[in-house]
Amino acid sequence: MSGILDAFRLDKKVAIVTGSERGLGRGMAIALAQAGADIVGVTYTEDAPETAAAIAAAGKKYVHVQANLISIEPVGRVVETALKAFGHIDILVNNAGIITRNDSVDFTEKEWDDVMNINLKSAFFMCQAVARQFIVQGTGGKIVNIASMLSFQGGIRVPSYTASKSGIKGITMLMANEWAKHGVNVNAIAPGYMATDNTTQLRADEKRNAEILARIPSGRWGLPEDLGGAVVFLSSKASDYVNGYTIAVDGGWLSR
């Protein structure tokens, strides 16, 4: 009889992780590999040597796909590459995203469109393409979208980012409603303030950094490895009855 820990194992599973070359994406890809999954990493960069090396160290296979998800054009190629390499897909982690900071009164159409295209439009069409494959396979699957604290709050000087991440939370619920009957679980993780490239400006601003840390009950910025438990849980059999939910991994930020 298998125990509860076995329900978290991802042996023989294949996970697509977008934005896997650094930061949160790399951290989640490594966690999935350590739990047993082979990884298809989708990045804007030509390669992702550090991610590939860490996954190899975990004893798993890594296949790289270079794609600029500002357009949905590469979506089909990502799925085809995964199928050619492994024959099936079991998990999608939609992590690729960008942020643009500017006062709302000065925000440009390009600043709006670029963020919305990568963070929301391409994320939706990645979900759609992978869900179609899940349905064809007949074995269900797991989709984990990456939301944000700004899926719950308004933020400051990031209107397109706030809109995109609020949208991620919304479409996560919608897709869960439609695809649960196919055995597809769609959930999201909302990271708190994480020490990544996206927050370099905030952490460099002494006043803003102090304000942020003062509100986090855990008293520190999050790290990529802090998302490991949540992404493995939502990608595994252990979360089979969790659908349409956005889990905050935020050090307690939303509790304040």
# chains A, B, ... in the order shown; residues from 1 in each chain; ligands from 1
$ residues_around --residues "region 236-248 of chain A" --least-positions-apart "5" --cutoff "8 Å" --atoms "only C-alpha atoms" --output "PyMOL selection string"
chain A and resi 4+7-10+142+147-149+169+172-177+180+185-192+230+254
$ write_last_selection --atoms "C-alpha atoms" --output "mmCIF file, in the first residue's frame"
data_model
loop_
_atom_site.group_PDB
_atom_site.id
_atom_site.type_symbol
_atom_site.label_atom_id
_atom_site.label_comp_id
_atom_site.auth_asym_id
_atom_site.auth_seq_id
_atom_site.Cartn_x
_atom_site.Cartn_y
_atom_site.Cartn_z
ATOM 1 C CA ILE A 4 0.946 9.800 1.311
ATOM 2 C CA ALA A 7 1.236 10.889 -3.908
ATOM 3 C CA PHE A 8 3.721 13.741 -4.291
ATOM 4 C CA ARG A 9 6.075 11.793 -6.572
ATOM 5 C CA LEU A 10 6.273 12.795 -10.227
ATOM 6 C CA LYS A 142 -1.981 19.434 -14.128
ATOM 7 C CA ALA A 147 -0.314 34.644 -10.432
ATOM 8 C CA SER A 148 0.841 37.380 -8.023
ATOM 9 C CA MET A 149 -0.007 39.377 -4.933
ATOM 10 C CA LYS A 169 -6.472 34.256 -11.336
ATOM 11 C CA THR A 172 -7.510 29.747 -13.753
ATOM 12 C CA MET A 173 -10.975 29.458 -12.205
ATOM 13 C CA LEU A 174 -12.681 29.433 -15.602
ATOM 14 C CA MET A 175 -10.483 26.684 -17.026
ATOM 15 C CA ALA A 176 -10.910 24.627 -13.861
ATOM 16 C CA ASN A 177 -14.678 24.866 -14.317
ATOM 17 C CA ALA A 180 -12.154 19.299 -14.376
ATOM 18 C CA ASN A 185 -6.593 20.327 -12.537
ATOM 19 C CA VAL A 186 -5.945 24.036 -13.105
ATOM 20 C CA ASN A 187 -4.593 26.026 -10.177
ATOM 21 C CA ALA A 188 -2.249 28.949 -9.585
ATOM 22 C CA ILE A 189 0.498 30.078 -7.257
ATOM 23 C CA ALA A 190 0.664 33.712 -6.192
ATOM 24 C CA PRO A 191 4.248 34.416 -5.123
ATOM 25 C CA GLY A 192 4.807 37.194 -2.656
ATOM 26 C CA ALA A 230 3.577 24.389 -3.769
ATOM 27 C CA LEU A 254 -1.828 38.949 2.524
#
$ select_by_dssp --residues "region 78-208 of chain A" --states "helix (DSSP H, G or I)" --output "PyMOL selection string"
chain A and resi 78-86+104-106+109-137+149-151+159-182+197-204+206-208
$ closest_residue --among "A:Ala37, A:Leu213, A:Val75, A:Leu69" --to "Asn117 (chain A)" --atoms "only C-alpha atoms"
A:Leu69
$ residues_around --residues "Val63 (chain A)" --least-positions-apart "3" --cutoff "7 Å" --atoms "only C-alpha atoms" --output "ChimeraX atom specification"
/A:39-41
$ closest_residue --among "A:Asp226, A:Arg208, A:Ile118, A:Ile98" --to "Ala195 (chain A)" --atoms "only C-alpha atoms"
A:Asp226
$ residues_around --residues "Ala163 (chain A)" --least-positions-apart "4" --cutoff "10 Å" --atoms "only C-alpha atoms" --output "VMD selection string"
chain A and resid 112 115 to 116 119 to 120 150 to 151 154 158 to 159 167 to 168
$ select_by_dssp --residues "region 98-188 of chain A" --states "strand (DSSP E)" --output "PyMOL selection string"
chain A and resi 141-146+184-188
$ atom_distance --atom1 "CA of Gln137 (chain A)" --atom2 "CA of Asp90 (chain A)"
9.4 Å
$ residues_around --residues "Gln128 (chain A)" --least-positions-apart "2" --cutoff "12 Å" --atoms "only C-alpha atoms" --output "ChimeraX atom specification"
/A:72,75-76,79,92,94,121-126,130-135,143,171-172,174-176,178-179,184,186
